[in-house]
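> Sharing upload-v2.pdb (PDB, C-alpha atoms) below.
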```
ATOM      1  CA  THR A   1     157.852 112.819 133.403
ATOM      2  CA  GLN A   2     157.015 115.388 136.071
ATOM      3  CA  SER A   3     153.698 115.692 137.876
ATOM      4  CA  THR A   4     151.795 118.947 137.781
ATOM      5  CA  TRP A   5     151.744 119.113 141.603
ATOM      6  CA  GLY A   6     155.460 119.271 142.234
ATOM      7  CA  SER A   7     158.816 117.852 141.403
ATOM      8  CA  GLN A   8     157.871 114.205 141.946
ATOM      9  CA  PRO A   9     157.811 111.870 138.936
ATOM     10  CA  LYS A  10     154.362 111.013 137.663
ATOM     11  CA  MET A  11     153.131 107.681 138.959
ATOM     12  CA  ARG A  12     151.016 105.130 137.184
ATOM     13  CA  LEU A  13     147.709 104.437 138.868
ATOM     14  CA  LEU A  14     146.533 100.859 139.289
ATOM     15  CA  SER A  15     143.240  99.690 137.896
ATOM     16  CA  GLN A  16     140.750  98.140 140.297
ATOM     17  CA  GLN A  17     141.697  94.659 139.068
ATOM     18  CA  GLU A  18     145.436  95.355 139.454
ATOM     19  CA  ALA A  19     144.889  96.640 142.998
ATOM     20  CA  GLN A  20     142.829  93.550 143.884
ATOM     21  CA  ASN A  21     145.512  91.260 142.441
ATOM     22  CA  LEU A  22     148.190  93.080 144.416
ATOM     23  CA  ASP A  23     146.146  92.702 147.615
ATOM     24  CA  LEU A  24     145.720  88.980 146.919
ATOM     25  CA  GLU A  25     149.454  88.544 146.378
ATOM     26  CA  LEU A  26     150.347  90.513 149.512
ATOM     27  CA  MET A  27     147.811  88.699 151.676
ATOM     28  CA  GLY A  28     148.495  85.284 150.173
ATOM     29  CA  GLU A  29     152.085  84.623 149.278
ATOM     30  CA  LEU A  30     153.591  87.389 151.423
ATOM     31  CA  LYS A  31     151.234  86.875 154.424
ATOM     32  CA  TYR A  32     150.307  90.533 155.040
ATOM     33  CA  THR A  33     147.141  91.001 157.087
ATOM     34  CA  LEU A  34     144.295  93.316 156.098
ATOM     35  CA  GLU A  35     145.200  95.505 159.090
ATOM     36  CA  GLN A  36     148.786  95.847 157.843
ATOM     37  CA  LEU A  37     147.629  96.787 154.349
ATOM     38  CA  MET A  38     145.233  99.397 155.757
ATOM     39  CA  GLU A  39     148.005 100.825 157.918
ATOM     40  CA  LEU A  40     150.301 101.131 154.898
ATOM     41  CA  ALA A  41     147.567 102.669 152.726
ATOM     42  CA  GLY A  42     146.500 105.156 155.392
ATOM     43  CA  LEU A  43     150.074 106.189 156.170
ATOM     44  CA  SER A  44     150.837 106.601 152.461
ATOM     45  CA  CYS A  45     147.779 108.794 151.964
ATOM     46  CA  ALA A  46     148.556 110.930 155.028
ATOM     47  CA  SER A  47     152.182 111.287 153.906
ATOM     48  CA  ALA A  48     151.065 112.452 150.447
ATOM     49  CA  ILE A  49     148.807 115.071 152.042
ATOM     50  CA  LEU A  50     151.659 116.198 154.298
ATOM     51  CA  GLN A  51     153.952 116.532 151.284
ATOM     52  CA  GLU A  52     151.501 118.766 149.402
ATOM     53  CA  PHE A  53     149.721 120.703 152.173
ATOM     54  CA  SER A  54     151.503 122.047 155.245
ATOM     55  CA  PRO A  55     149.516 121.562 158.476
ATOM     56  CA  SER A  56     150.546 125.093 159.506
ATOM     57  CA  LYS A  57     148.538 126.504 156.570
ATOM     58  CA  HIS A  58     145.928 123.794 155.946
ATOM     59  CA  ASN A  59     145.350 122.116 159.281
ATOM     60  CA  ARG A  60     141.683 121.101 158.986
ATOM     61  CA  VAL A  61     140.978 117.978 156.954
ATOM     62  CA  LEU A  62     137.668 116.245 156.303
ATOM     63  CA  VAL A  63     137.885 112.472 155.831
ATOM     64  CA  VAL A  64     134.695 110.757 154.639
ATOM     65  CA  CYS A  65     134.788 107.015 155.295
ATOM     66  CA  GLY A  66     132.432 104.484 153.778
ATOM     67  CA  PRO A  67     131.782 101.027 155.243
ATOM     68  CA  GLY A  68     134.304  99.177 153.016
ATOM     69  CA  ASN A  69     138.049  98.716 153.143
ATOM     70  CA  ASN A  70     138.707 102.201 151.774
ATOM     71  CA  GLY A  71     136.859 103.519 154.817
ATOM     72  CA  GLY A  72     139.335 101.673 157.008
ATOM     73  CA  ASP A  73     142.178 103.247 155.045
ATOM     74  CA  GLY A  74     140.551 106.629 155.718
ATOM     75  CA  LEU A  75     140.436 106.008 159.471
ATOM     76  CA  VAL A  76     144.125 105.152 159.494
ATOM     77  CA  CYS A  77     144.894 108.186 157.334
ATOM     78  CA  ALA A  78     143.018 110.464 159.749
ATOM     79  CA  ARG A  79     144.948 109.054 162.722
ATOM     80  CA  HIS A  80     148.273 109.729 161.017
ATOM     81  CA  LEU A  81     147.151 113.211 159.959
ATOM     82  CA  ALA A  82     146.415 113.969 163.626
ATOM     83  CA  HIS A  83     149.931 112.842 164.540
ATOM     84  CA  PHE A  84     151.318 115.089 161.785
ATOM     85  CA  GLY A  85     149.629 118.146 163.293
ATOM     86  CA  TYR A  86     146.379 118.322 161.315
ATOM     87  CA  GLN A  87     142.902 118.468 162.846
ATOM     88  CA  PRO A  88     141.063 115.713 160.974
ATOM     89  CA  THR A  89     137.314 115.319 161.173
ATOM     90  CA  VAL A  90     135.995 111.903 160.221
ATOM     91  CA  VAL A  91     132.457 111.441 158.905
ATOM     92  CA  TYR A  92     130.670 108.166 158.186
ATOM     93  CA  PRO A  93     127.609 108.190 155.904
ATOM     94  CA  THR A  94     126.747 104.889 157.609
ATOM     95  CA  GLU A  95     128.066 103.380 160.838
ATOM     96  CA  PRO A  96     130.506 100.542 160.090
ATOM     97  CA  LYS A  97     129.655  97.174 161.625
ATOM     98  CA  LYS A  98     132.939  95.271 161.213
ATOM     99  CA  ASP A  99     135.065  94.639 164.313
ATOM    100  CA  LEU A 100     138.134  95.861 162.426
ATOM    101  CA  TYR A 101     136.584  99.319 161.986
ATOM    102  CA  LYS A 102     135.526  99.470 165.616
ATOM    103  CA  ALA A 103     139.136  98.736 166.562
ATOM    104  CA  LEU A 104     140.418 101.402 164.170
ATOM    105  CA  ARG A 105     137.950 103.891 165.622
ATOM    106  CA  SER A 106     139.267 103.191 169.111
ATOM    107  CA  LYS A 107     142.743 104.281 167.899
ATOM    108  CA  ARG A 108     141.524 107.791 167.131
ATOM    109  CA  VAL A 109     144.378 109.555 168.925
ATOM    110  CA  GLY A 110     144.042 113.284 168.353
ATOM    111  CA  MET A 111     140.627 113.054 166.725
ATOM    112  CA  SER A 112     138.295 114.346 169.452
ATOM    113  CA  SER A 113     135.640 115.457 166.965
ATOM    114  CA  LEU A 114     135.103 111.935 165.605
ATOM    115  CA  MET A 115     132.335 110.819 167.931
ATOM    116  CA  ARG A 116     130.564 114.200 167.733
ATOM    117  CA  CYS A 117     130.475 113.920 163.954
ATOM    118  CA  LEU A 118     129.274 110.337 164.085
ATOM    119  CA  ALA A 119     126.385 111.375 166.305
ATOM    120  CA  LEU A 120     125.481 114.292 164.043
ATOM    121  CA  VAL A 121     125.627 112.152 160.930
ATOM    122  CA  SER A 122     123.460 109.412 162.416
ATOM    123  CA  LYS A 123     120.818 112.030 163.342
ATOM    124  CA  ALA A 124     121.099 113.999 160.128
ATOM    125  CA  ARG A 125     121.386 111.182 157.621
ATOM    126  CA  PHE A 126     124.504 112.925 156.295
ATOM    127  CA  ASP A 127     123.310 116.508 156.177
ATOM    128  CA  PRO A 128     126.636 118.361 155.904
ATOM    129  CA  HIS A 129     125.063 121.544 157.228
ATOM    130  CA  LEU A 130     124.844 120.021 160.712
ATOM    131  CA  ILE A 131     128.529 119.162 160.933
ATOM    132  CA  GLN A 132     130.487 121.974 162.560
ATOM    133  CA  PHE A 133     134.266 122.249 162.311
TER
END
```
Could you render the structure from this file as structure tokens?

Amino acid sequence: TQSTWGSQPKMRLLSQQEAQNLDLELMGELKYTLEQLMELAGLSCASAILQEFSPSKHNRVLVVCGPGNNGGDGLVCARHLAHFGYQPTVVYPTEPKKDLYKALRSKRVGMSSLMRCLALVSKARFDPHLIQF
């Protein structure tokens, strides 16, 4: 079958349990690290955005990252989007505490607005009216 967004075949989405089982298999038997899985997820997400939305027409992207693993995927996605020519802005509702996220934040090549947004969010308690793009 065809997707409604283009000529790509429709894909089946995984349930939460299926995604968790896949992560366990990849990290167990196949010895992938959490960092590798986040890199793959973030690159896949950024590539899907690139496929659907040209950075020449839609160059500003807002990425909202929570404190969990999906937030790490979002950081990686934003980094790749910057490399693809987008201007991503990353917002955290809460500051992540894990060392992995601090390391991902330090790899924010092309994302100069990241720290400005973090400061605004920490002062505003996520008031989107204070975040300027």
> Quick one: everything within 12 Å of Asn69 in chain A, counting only C-alpha atoms, minus sequence neighbours fewer than 2 positions away in the same chain. Send it as an mmCIF file with C-alpha atoms, in the coordinates of the input.

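The resulting file, out01.cif, is shown below:
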```
data_model
loop_
_atom_site.group_PDB
_atom_site.id
_atom_site.type_symbol
_atom_site.label_atom_id
_atom_site.label_comp_id
_atom_site.auth_asym_id
_atom_site.auth_seq_id
_atom_site.Cartn_x
_atom_site.Cartn_y
_atom_site.Cartn_z
ATOM 1 C CA GLN A 20 142.829 93.550 143.884
ATOM 2 C CA ASP A 23 146.146 92.702 147.615
ATOM 3 C CA LEU A 34 144.295 93.316 156.098
ATOM 4 C CA GLU A 35 145.200 95.505 159.090
ATOM 5 C CA LEU A 37 147.629 96.787 154.349
ATOM 6 C CA MET A 38 145.233 99.397 155.757
ATOM 7 C CA GLU A 39 148.005 100.825 157.918
ATOM 8 C CA ALA A 41 147.567 102.669 152.726
ATOM 9 C CA GLY A 42 146.500 105.156 155.392
ATOM 10 C CA CYS A 65 134.788 107.015 155.295
ATOM 11 C CA GLY A 66 132.432 104.484 153.778
ATOM 12 C CA PRO A 67 131.782 101.027 155.243
ATOM 13 C CA GLY A 71 136.859 103.519 154.817
ATOM 14 C CA GLY A 72 139.335 101.673 157.008
ATOM 15 C CA ASP A 73 142.178 103.247 155.045
ATOM 16 C CA GLY A 74 140.551 106.629 155.718
ATOM 17 C CA LEU A 75 140.436 106.008 159.471
ATOM 18 C CA VAL A 76 144.125 105.152 159.494
ATOM 19 C CA PRO A 96 130.506 100.542 160.090
ATOM 20 C CA LYS A 98 132.939 95.271 161.213
ATOM 21 C CA LEU A 100 138.134 95.861 162.426
ATOM 22 C CA TYR A 101 136.584 99.319 161.986
ATOM 23 C CA LEU A 104 140.418 101.402 164.170
#
```
> Between CA of Leu40 in chain A and CA of Cys77 in chain A, what is the distance, to one decimal in Å?
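For CA of Leu40 in chain A relative to CA of Cys77 in chain A, the distance reads 9.2 Å.
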> Applying the PyMOL selection byres ((chain A and resi 53-59) around 7) to the file I just gave you, which residues come out? Please list them as number ranges by chain.
A: 49-52, 60-61, 85-87
> May I ask for the distance between CA of His80 in chain A and CA of Gln17 in chain A, given in Å to one decimal place?
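Atom-to-atom, CA of His80 in chain A and CA of Gln17 in chain A are spaced 27.4 Å apart.
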> For the atom pair CA of Ala82 in chain A and CA of Ala46 in chain A, what is the interatomic distance in Å to one decimal place?
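Between CA of Ala82 in chain A and CA of Ala46 in chain A the gap works out to 9.4 Å.
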> Select, from A:Met11, A:Ala19, A:Ala103, A:Ala78, the residue with the minimum atom-to-atom distance to Val64 in chain A, counting only C-alpha atoms.
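Residue with the minimum atom-to-atom distance to Val64 in chain A: A:Ala78.
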> Which residue out of A:Asn21, A:Leu81, A:Gly68, A:Ser15 has the minimum interatomic distance to Ser44 in chain A when all atoms listed in the file are used?
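Looking only at the distances to Ser44 in chain A, the closest residue turns out to be A:Leu81.
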> Nearest residue to Leu62 in chain A out of A:Leu22, A:Val90, A:Leu14, A:Met27, using only C-alpha atoms?
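Of the candidates, the smallest distance to Leu62 in chain A is held by A:Val90.
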> So, with all atoms listed in the file as the atoms that count, which of A:Leu13, A:Ala48, A:Leu30, A:Leu43 lies closest to His83 in chain A?
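Under the stated criterion, the closest residue is A:Leu43.
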> Atoms are missing here; could range 83-104 of chain A be completed with N, CA, C and O atoms and written as a CSV table (one decimal), keeping the file's coordinate frame?

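This is the output file rebuild.csv:
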```csv
chain,number,residue,atom,x,y,z
A,83,HIS,N,148.6,112.9,164.0
A,83,HIS,CA,149.9,112.8,164.5
A,83,HIS,C,150.8,113.8,163.8
A,83,HIS,O,151.8,114.3,164.4
A,84,PHE,N,150.5,114.1,162.6
A,84,PHE,CA,151.3,115.1,161.8
A,84,PHE,C,151.0,116.5,162.1
A,84,PHE,O,151.6,117.5,161.5
A,85,GLY,N,150.0,116.8,162.9
A,85,GLY,CA,149.6,118.1,163.3
A,85,GLY,C,148.4,118.7,162.7
A,85,GLY,O,148.0,119.9,162.9
A,86,TYR,N,147.6,117.9,161.9
A,86,TYR,CA,146.4,118.3,161.3
A,86,TYR,C,145.3,118.1,162.3
A,86,TYR,O,145.4,117.5,163.4
A,87,GLN,N,144.1,118.7,162.0
A,87,GLN,CA,142.9,118.5,162.8
A,87,GLN,C,141.9,117.7,162.0
A,87,GLN,O,141.0,118.4,161.4
A,88,PRO,N,142.0,116.4,161.8
A,88,PRO,CA,141.1,115.7,161.0
A,88,PRO,C,139.7,115.6,161.6
A,88,PRO,O,139.6,115.4,162.8
A,89,THR,N,138.7,115.6,160.8
A,89,THR,CA,137.3,115.3,161.2
A,89,THR,C,136.9,114.2,160.3
A,89,THR,O,137.0,114.2,159.1
A,90,VAL,N,136.4,113.1,160.9
A,90,VAL,CA,136.0,111.9,160.2
A,90,VAL,C,134.5,111.8,160.2
A,90,VAL,O,133.8,112.0,161.3
A,91,VAL,N,133.9,111.6,159.1
A,91,VAL,CA,132.5,111.4,158.9
A,91,VAL,C,132.2,110.1,158.2
A,91,VAL,O,132.8,109.7,157.3
A,92,TYR,N,131.2,109.4,158.8
A,92,TYR,CA,130.7,108.2,158.2
A,92,TYR,C,129.3,108.4,157.6
A,92,TYR,O,128.4,108.8,158.4
A,93,PRO,N,129.0,108.2,156.4
A,93,PRO,CA,127.6,108.2,155.9
A,93,PRO,C,126.8,107.1,156.6
A,93,PRO,O,125.6,107.3,156.8
A,94,THR,N,127.4,106.0,156.9
A,94,THR,CA,126.7,104.9,157.6
A,94,THR,C,127.7,104.4,158.6
A,94,THR,O,128.9,104.4,158.4
A,95,GLU,N,127.2,103.9,159.8
A,95,GLU,CA,128.1,103.4,160.8
A,95,GLU,C,128.6,102.0,160.4
A,95,GLU,O,127.9,101.1,160.0
A,96,PRO,N,129.9,101.8,160.5
A,96,PRO,CA,130.5,100.5,160.1
A,96,PRO,C,130.2,99.5,161.2
A,96,PRO,O,130.1,99.8,162.3
A,97,LYS,N,130.0,98.3,160.7
A,97,LYS,CA,129.7,97.2,161.6
A,97,LYS,C,130.8,96.2,161.9
A,97,LYS,O,130.8,95.5,162.9
A,98,LYS,N,131.8,96.2,161.1
A,98,LYS,CA,132.9,95.3,161.2
A,98,LYS,C,133.8,95.6,162.5
A,98,LYS,O,134.0,96.7,162.8
A,99,ASP,N,134.2,94.5,163.1
A,99,ASP,CA,135.1,94.6,164.3
A,99,ASP,C,136.4,95.4,164.0
A,99,ASP,O,136.8,96.2,164.8
A,100,LEU,N,136.9,95.2,162.8
A,100,LEU,CA,138.1,95.9,162.4
A,100,LEU,C,138.0,97.4,162.5
A,100,LEU,O,138.8,98.1,163.0
A,101,TYR,N,136.8,97.9,162.0
A,101,TYR,CA,136.6,99.3,162.0
A,101,TYR,C,136.3,99.9,163.4
A,101,TYR,O,136.8,101.0,163.7
A,102,LYS,N,135.7,99.1,164.2
A,102,LYS,CA,135.5,99.5,165.6
A,102,LYS,C,136.9,99.6,166.3
A,102,LYS,O,137.1,100.5,167.1
A,103,ALA,N,137.8,98.7,166.0
A,103,ALA,CA,139.1,98.7,166.6
A,103,ALA,C,139.9,100.0,166.0
A,103,ALA,O,140.6,100.7,166.8
A,104,LEU,N,139.8,100.2,164.7
A,104,LEU,CA,140.4,101.4,164.2
A,104,LEU,C,139.9,102.7,164.8
A,104,LEU,O,140.6,103.6,165.0
```
